[in-house]
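Student: Next comes coords11.json, JSON, C-alpha atoms:
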[["chain", "number", "residue", "atom", "x", "y", "z"],
["A", 246, "MET", "CA", 2.59, 267.59, 75.98],
["A", 247, "CYS", "CA", 0.88, 264.26, 76.32],
["A", 248, "ASN", "CA", 0.05, 264.58, 79.95],
["A", 249, "LEU", "CA", -3.40, 264.94, 81.27],
["A", 250, "ASN", "CA", -4.77, 265.31, 84.72],
["A", 251, "LEU", "CA", -8.26, 264.18, 85.41],
["A", 252, "ASP", "CA", -10.27, 264.69, 88.49],
["A", 253, "LYS", "CA", -12.98, 262.29, 89.49],
["A", 254, "ASN", "CA", -15.63, 264.77, 88.57],
["A", 255, "LEU", "CA", -14.47, 264.88, 84.97],
["A", 256, "VAL", "CA", -14.49, 261.10, 84.70],
["A", 257, "GLU", "CA", -18.06, 261.08, 85.96],
["A", 258, "GLN", "CA", -19.08, 263.74, 83.45],
["A", 259, "ILE", "CA", -17.58, 261.76, 80.60],
["A", 260, "GLN", "CA", -19.19, 258.56, 81.82],
["A", 261, "GLU", "CA", -22.57, 260.26, 81.81],
["A", 262, "ALA", "CA", -22.12, 261.72, 78.34],
["A", 263, "LEU", "CA", -21.06, 258.39, 76.85],
["A", 264, "HIS", "CA", -23.81, 256.48, 78.60],
["A", 265, "ALA", "CA", -26.43, 258.82, 77.24],
["A", 266, "ALA", "CA", -25.06, 258.45, 73.73],
["A", 267, "PHE", "CA", -24.36, 254.74, 73.47],
["A", 268, "ILE", "CA", -26.40, 252.79, 75.96],
["A", 269, "ALA", "CA", -29.92, 251.91, 74.95],
["A", 270, "ALA", "CA", -32.02, 248.93, 75.93],
["A", 271, "ASN", "CA", -29.56, 246.20, 74.94],
["A", 272, "THR", "CA", -28.12, 244.80, 78.15],
["A", 273, "ALA", "CA", -24.86, 243.82, 76.44],
["A", 274, "GLU", "CA", -24.05, 247.47, 75.83],
["A", 275, "LYS", "CA", -21.48, 248.97, 78.15],
["A", 276, "VAL", "CA", -19.23, 251.93, 78.80],
["A", 277, "GLU", "CA", -16.01, 251.42, 80.75],
["A", 278, "ILE", "CA", -13.69, 254.24, 81.69],
["A", 279, "MET", "CA", -10.22, 253.80, 83.08],
["A", 280, "ALA", "CA", -8.56, 256.90, 84.45],
["A", 281, "GLY", "CA", -5.44, 254.94, 85.39],
["A", 282, "ASP", "CA", -2.85, 257.05, 87.15],
["A", 283, "GLY", "CA", -4.63, 260.25, 86.19],
["A", 284, "LYS", "CA", -2.53, 260.73, 83.09],
["A", 285, "HIS", "CA", -3.81, 257.85, 81.02],
["A", 286, "PHE", "CA", -7.41, 257.75, 80.17],
["A", 287, "SER", "CA", -9.23, 255.10, 78.20],
["A", 288, "VAL", "CA", -12.78, 254.25, 77.30],
["A", 289, "THR", "CA", -14.21, 250.96, 76.08],
["A", 290, "ILE", "CA", -17.66, 251.10, 74.60],
["A", 291, "ALA", "CA", -19.80, 248.27, 73.29],
["A", 292, "SER", "CA", -22.89, 249.48, 71.50],
["A", 293, "GLU", "CA", -25.33, 248.69, 68.75],
["A", 294, "LYS", "CA", -24.70, 252.20, 67.44],
["A", 295, "PHE", "CA", -21.40, 251.02, 65.93],
["A", 296, "ARG", "CA", -22.91, 248.24, 63.84],
["A", 297, "GLY", "CA", -21.89, 248.36, 60.19],
["A", 298, "LEU", "CA", -19.39, 251.19, 60.70],
["A", 299, "GLY", "CA", -15.64, 251.18, 60.11],
["A", 300, "LEU", "CA", -13.26, 251.89, 62.98],
["A", 301, "VAL", "CA", -12.73, 255.54, 62.03],
["A", 302, "ALA", "CA", -16.49, 256.13, 61.90],
["A", 303, "GLN", "CA", -16.98, 254.31, 65.22],
["A", 304, "HIS", "CA", -14.29, 256.36, 66.94],
["A", 305, "LYS", "CA", -15.66, 259.56, 65.42],
["A", 306, "LEU", "CA", -18.99, 258.89, 67.10],
["A", 307, "VAL", "CA", -17.21, 258.59, 70.44],
["A", 308, "LEU", "CA", -15.01, 261.62, 69.82],
["A", 309, "LYS", "CA", -18.08, 263.67, 68.96],
["A", 310, "GLU", "CA", -19.42, 263.01, 72.44],
["A", 311, "LEU", "CA", -16.06, 263.96, 73.94],
["A", 312, "GLN", "CA", -15.71, 267.12, 71.83],
["A", 313, "THR", "CA", -16.62, 269.53, 74.60],
["A", 314, "PHE", "CA", -13.97, 267.98, 76.86],
["A", 315, "LEU", "CA", -11.41, 268.08, 74.05],
["A", 316, "ASP", "CA", -12.26, 271.69, 73.22],
["A", 317, "ALA", "CA", -11.90, 272.69, 76.86],
["A", 318, "GLY", "CA", -8.41, 271.22, 76.81],
["A", 319, "THR", "CA", -9.12, 269.03, 79.83],
["A", 320, "LEU", "CA", -8.93, 266.04, 77.56],
["A", 321, "HIS", "CA", -5.86, 265.89, 75.37],
["A", 322, "ALA", "CA", -5.61, 262.19, 74.78],
["A", 323, "VAL", "CA", -8.03, 259.38, 75.20],
["A", 324, "LYS", "CA", -7.60, 255.76, 74.22],
["A", 325, "ILE", "CA", -10.73, 254.44, 72.57],
["A", 326, "LYS", "CA", -11.85, 250.85, 72.08],
["A", 327, "THR", "CA", -15.17, 250.25, 70.37],
["A", 328, "LEU", "CA", -17.11, 247.05, 69.91],
["A", 329, "ALA", "CA", -20.04, 246.79, 67.54],
["A", 330, "LEU", "CA", -22.86, 244.65, 68.89],
["B", 101, "MET", "CA", -9.50, 275.31, 55.85],
["B", 102, "GLU", "CA", -7.49, 277.41, 53.40],
["B", 103, "THR", "CA", -7.05, 276.02, 49.90],
["B", 104, "ALA", "CA", -3.28, 276.26, 50.25],
["B", 105, "HIS", "CA", -3.34, 273.93, 53.26],
["B", 106, "ARG", "CA", -5.65, 271.44, 51.56],
["B", 107, "GLU", "CA", -3.41, 271.39, 48.50],
["B", 108, "LYS", "CA", -0.32, 270.89, 50.63],
["B", 109, "ILE", "CA", -1.95, 267.98, 52.46],
["B", 110, "GLU", "CA", -3.11, 266.36, 49.23],
["B", 111, "GLN", "CA", 0.33, 266.77, 47.74],
["B", 112, "LEU", "CA", 1.96, 265.08, 50.74],
["B", 113, "LEU", "CA", -0.54, 262.22, 50.64],
["B", 114, "LYS", "CA", -0.17, 261.78, 46.89],
["B", 115, "GLY", "CA", 3.60, 261.54, 47.19],
["B", 116, "ASN", "CA", 3.64, 258.96, 49.99],
["B", 117, "LYS", "CA", 1.76, 255.65, 50.15],
["B", 118, "ILE", "CA", 2.02, 255.85, 53.93],
["B", 119, "PHE", "CA", 2.08, 259.23, 55.62],
["B", 120, "VAL", "CA", 1.90, 260.34, 59.24],
["B", 121, "PHE", "CA", 1.01, 263.77, 60.58],
["B", 122, "MET", "CA", 2.61, 263.70, 64.01],
["B", 123, "LYS", "CA", 4.46, 265.52, 66.74],
["B", 124, "GLY", "CA", 8.17, 265.34, 65.98],
["B", 125, "ASP", "CA", 9.51, 263.04, 63.29],
["B", 126, "ALA", "CA", 10.19, 259.32, 62.85],
["B", 127, "ASP", "CA", 13.56, 259.55, 64.58],
["B", 128, "HIS", "CA", 12.47, 261.97, 67.27],
["B", 129, "PRO", "CA", 8.78, 261.60, 68.08],
["B", 130, "LYS", "CA", 7.74, 264.20, 70.64],
["B", 131, "CYS", "CA", 4.67, 262.48, 72.03],
["B", 132, "GLY", "CA", 4.03, 258.96, 73.29],
["B", 133, "PHE", "CA", 1.20, 258.42, 70.82],
["B", 134, "SER", "CA", 3.24, 259.59, 67.85],
["B", 135, "SER", "CA", 6.05, 257.37, 69.06],
["B", 136, "MET", "CA", 3.71, 254.38, 69.21],
["B", 137, "VAL", "CA", 2.51, 254.90, 65.64],
["B", 138, "VAL", "CA", 6.07, 255.21, 64.35],
["B", 139, "GLY", "CA", 7.00, 252.06, 66.26],
["B", 140, "ILE", "CA", 4.15, 250.04, 64.75],
["B", 141, "LEU", "CA", 5.00, 251.15, 61.21],
["B", 142, "LYS", "CA", 8.68, 250.40, 61.71],
["B", 143, "GLN", "CA", 7.83, 246.95, 63.11],
["B", 144, "ASN", "CA", 6.02, 246.30, 59.85],
["B", 145, "ASN", "CA", 9.06, 247.46, 57.85],
["B", 146, "ALA", "CA", 6.95, 250.19, 56.31],
["B", 147, "SER", "CA", 8.59, 253.24, 54.80],
["B", 148, "PHE", "CA", 6.58, 256.35, 55.42],
["B", 149, "GLY", "CA", 6.67, 260.12, 55.22],
["B", 150, "THR", "CA", 6.02, 262.38, 58.19],
["B", 151, "PHE", "CA", 5.00, 265.96, 58.85],
["B", 152, "ASP", "CA", 5.81, 267.58, 62.18],
["B", 153, "VAL", "CA", 2.77, 269.60, 63.22],
["B", 154, "LEU", "CA", 4.68, 271.20, 66.10],
["B", 155, "GLU", "CA", 6.63, 273.10, 63.45],
["B", 156, "ASP", "CA", 3.49, 274.44, 61.80],
["B", 157, "PRO", "CA", 0.46, 275.36, 63.96],
["B", 158, "GLU", "CA", -1.67, 276.18, 60.91],
["B", 159, "MET", "CA", -1.11, 272.74, 59.43],
["B", 160, "ARG", "CA", -1.79, 271.23, 62.85],
["B", 161, "GLN", "CA", -5.29, 272.67, 62.66],
["B", 162, "ALA", "CA", -5.67, 272.07, 58.91],
["B", 163, "ILE", "CA", -5.08, 268.33, 59.15],
["B", 164, "LYS", "CA", -7.68, 268.05, 61.90],
["B", 165, "ASP", "CA", -10.18, 269.82, 59.68],
["B", 166, "TYR", "CA", -9.19, 267.69, 56.68],
["B", 167, "SER", "CA", -9.86, 264.37, 58.42],
["B", 168, "GLU", "CA", -12.50, 265.71, 60.80],
["B", 169, "TRP", "CA", -10.47, 264.01, 63.50],
["B", 170, "PRO", "CA", -9.51, 265.99, 66.61],
["B", 171, "THR", "CA", -6.18, 264.47, 67.59],
["B", 172, "LEU", "CA", -2.65, 263.77, 66.39],
["B", 173, "PRO", "CA", -0.99, 261.56, 65.22],
["B", 174, "GLN", "CA", -2.95, 260.76, 62.07],
["B", 175, "VAL", "CA", -1.99, 257.93, 59.75],
["B", 176, "TYR", "CA", -2.88, 257.90, 56.05],
["B", 177, "ILE", "CA", -2.51, 254.97, 53.67],
["B", 178, "ASP", "CA", -3.07, 255.46, 49.93],
["B", 179, "GLY", "CA", -4.43, 258.93, 50.67],
["B", 180, "ASN", "CA", -7.09, 257.66, 53.07],
["B", 181, "PHE", "CA", -7.23, 258.49, 56.76],
["B", 182, "VAL", "CA", -6.76, 255.21, 58.61],
["B", 183, "GLY", "CA", -6.79, 256.39, 62.21],
["B", 184, "GLY", "CA", -4.72, 257.51, 65.14],
["B", 185, "SER", "CA", -2.67, 255.42, 67.53],
["B", 186, "ASP", "CA", -5.54, 253.35, 68.94],
["B", 187, "ILE", "CA", -6.86, 252.25, 65.56],
["B", 188, "LEU", "CA", -3.38, 251.59, 64.20],
["B", 189, "MET", "CA", -2.65, 249.39, 67.22],
["B", 190, "GLU", "CA", -5.90, 247.52, 66.72],
["B", 191, "LEU", "CA", -5.26, 247.02, 63.00],
["B", 192, "SER", "CA", -1.76, 245.84, 63.79],
["B", 193, "GLN", "CA", -2.99, 243.33, 66.36],
["B", 194, "ASN", "CA", -5.78, 241.92, 64.21],
["B", 195, "GLY", "CA", -3.54, 241.57, 61.16],
["B", 196, "GLU", "CA", -5.38, 244.02, 58.92],
["B", 197, "LEU", "CA", -2.52, 246.50, 58.85],
["B", 198, "LYS", "CA", -0.21, 244.01, 57.13],
["B", 199, "ALA", "CA", -2.69, 243.71, 54.26],
["B", 200, "MET", "CA", -3.14, 247.48, 54.02],
["B", 201, "LEU", "CA", 0.59, 248.09, 53.86],
["B", 202, "GLY", "CA", 1.17, 245.32, 51.34]]
Since I need it in another form, could you write the structure as structure tokens?

Tutor:
Amino acid sequence: MCNLNLDKNLVEQIQEALHAAFIAANTAEKVEIMAGDGKHFSVTIASEKFRGLGLVAQHKLVLKELQTFLDAGTLHAVKIKTLAL
Amino acid sequence: METAHREKIEQLLKGNKIFVFMKGDADHPKCGFSSMVVGILKQNNASFGTFDVLEDPEMRQAIKDYSEWPTLPQVYIDGNFVGGSDILMELSQNGELKAMLG
């Protein structure tokens, strides 16, 4: 029920989507994805886009970008860590 | 979301300072993330109500629509959506959760 299998291709797709959404000119901005053992998946994003937002709002921005993956069912659970720059 | 579902959710939140929509219940969580949330709340000696979404697929969807949040578990304090397991863990680690539960 909480398991999730990711192939490399999916990780790359997610990386691209998050990069496009959260990385602008600021060099401190970053997106890190850990696929772990293929069942655990986590993203850490540092971005100016989060500035002034609460944690729920910050995570919602990330989840919005992951919506297509969630809808497809490929992504059931993702651990999110956001940092406002 | 149907009015009946919204009313049910609001009633549950009104009746419980801390409430968790989750998979399973506090004694038998049926997902690692639900289990983590229950564990954090118990560590903080919080008493909380739970709703098992696995028992009610319509409510499972309704709560996602209510919070505009796509995943379970979902933790509410004083009627406000606080977050899922990641945010609860972060709030627990940075000390903010203690204040919110107080």

Student: Nearest to Cys131 (chain B): which of A:Gln260, A:Phe295, A:Phe267, A:Ala322 is it, counting all atoms listed in the file?

Tutor: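 Looking at the shortest contact to Cys131 (chain B), the residue is A:Ala322.
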
Student: Please produce, as a tab-separated table, a per-residue contact table for chain B versus chain A (criterion: any atom at most 9 Å away, all atoms listed in the file considered), showing the nearest atom pair and its distance in Å to one decimal, sorted by chain then residue number.

Tutor:
residue	atom	partner	partner_atom	distance
B:Lys130	CA	A:Met246	CA	8.2
B:Cys131	CA	A:Cys247	CA	6.0
B:Gly132	CA	A:Cys247	CA	6.9
B:Phe133	CA	A:Cys247	CA	8.0
B:Glu168	CA	A:Lys305	CA	8.3
B:Trp169	CA	A:Lys305	CA	7.1
B:Pro170	CA	A:Leu308	CA	7.7
B:Thr171	CA	A:Ala322	CA	7.6
B:Phe181	CA	A:Val301	CA	8.2
B:Val182	CA	A:Val301	CA	6.9
B:Gly183	CA	A:Val301	CA	6.0
B:Gly184	CA	A:Val301	CA	8.8
B:Ser185	CA	A:Lys324	CA	8.3
B:Asp186	CA	A:Lys324	CA	6.2
B:Ile187	CA	A:Leu300	CA	6.9
B:Glu190	CA	A:Lys326	CA	8.7

Student: May I ask for the distance between CA of Ile140 (chain B) and CA of Leu188 (chain B), given in Å to one decimal place?

Tutor: 7.7 Å

Student: Asp152 (chain B): which residues within 7 Å, counting all atoms listed in the file, same-chain residues fewer than 2 positions away excluded, as a list of chain:residue names?

Tutor: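 Final neighbour list, sorted by chain and number: B:Phe121, B:Met122, B:Lys123, B:Gly124, B:Asp125, B:Thr150, B:Leu154, B:Glu155.
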
Student: Would you mind reading off the distance between CA of Glu277 (chain A) and CA of Thr289 (chain A), one decimal, in Å?

Tutor: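 Taking CA of Glu277 (chain A) as the start and CA of Thr289 (chain A) as the end point, the length is 5.0 Å.
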
Student: Could you state the separation of CA of Ala329 (chain A) and CA of Ile177 (chain B) in Å, given to one decimal place?

Tutor: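 That distance, rounded to one decimal, is 23.8 Å.
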
Student: Using all atoms listed in the file, can you tell me which of A:Leu263, A:Ser287, A:Thr319, A:Ile268 comes closest to Leu306 (chain A)?

Tutor: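 Comparing A:Leu263, A:Ser287, A:Thr319, A:Ile268 against Leu306 (chain A), the winner is A:Leu263.
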
Student: Do a neighbour search on region 253-259 of chain A at 9 Å with all atoms listed in the file, toss out local chain neighbours closer than 3 positions, and write the hits as a ChimeraX atom specification.

Tutor: /A:262-264,278-280,310-311,314,319

Student: I'd like the contact shell of Leu201 (chain B) - 9 Å cut-off, all atoms listed in the file, skipping same-chain residues fewer than 3 positions apart - returned as a PyMOL selection string.

Tutor: chain B and resi 117-118+144+146+177+196-198
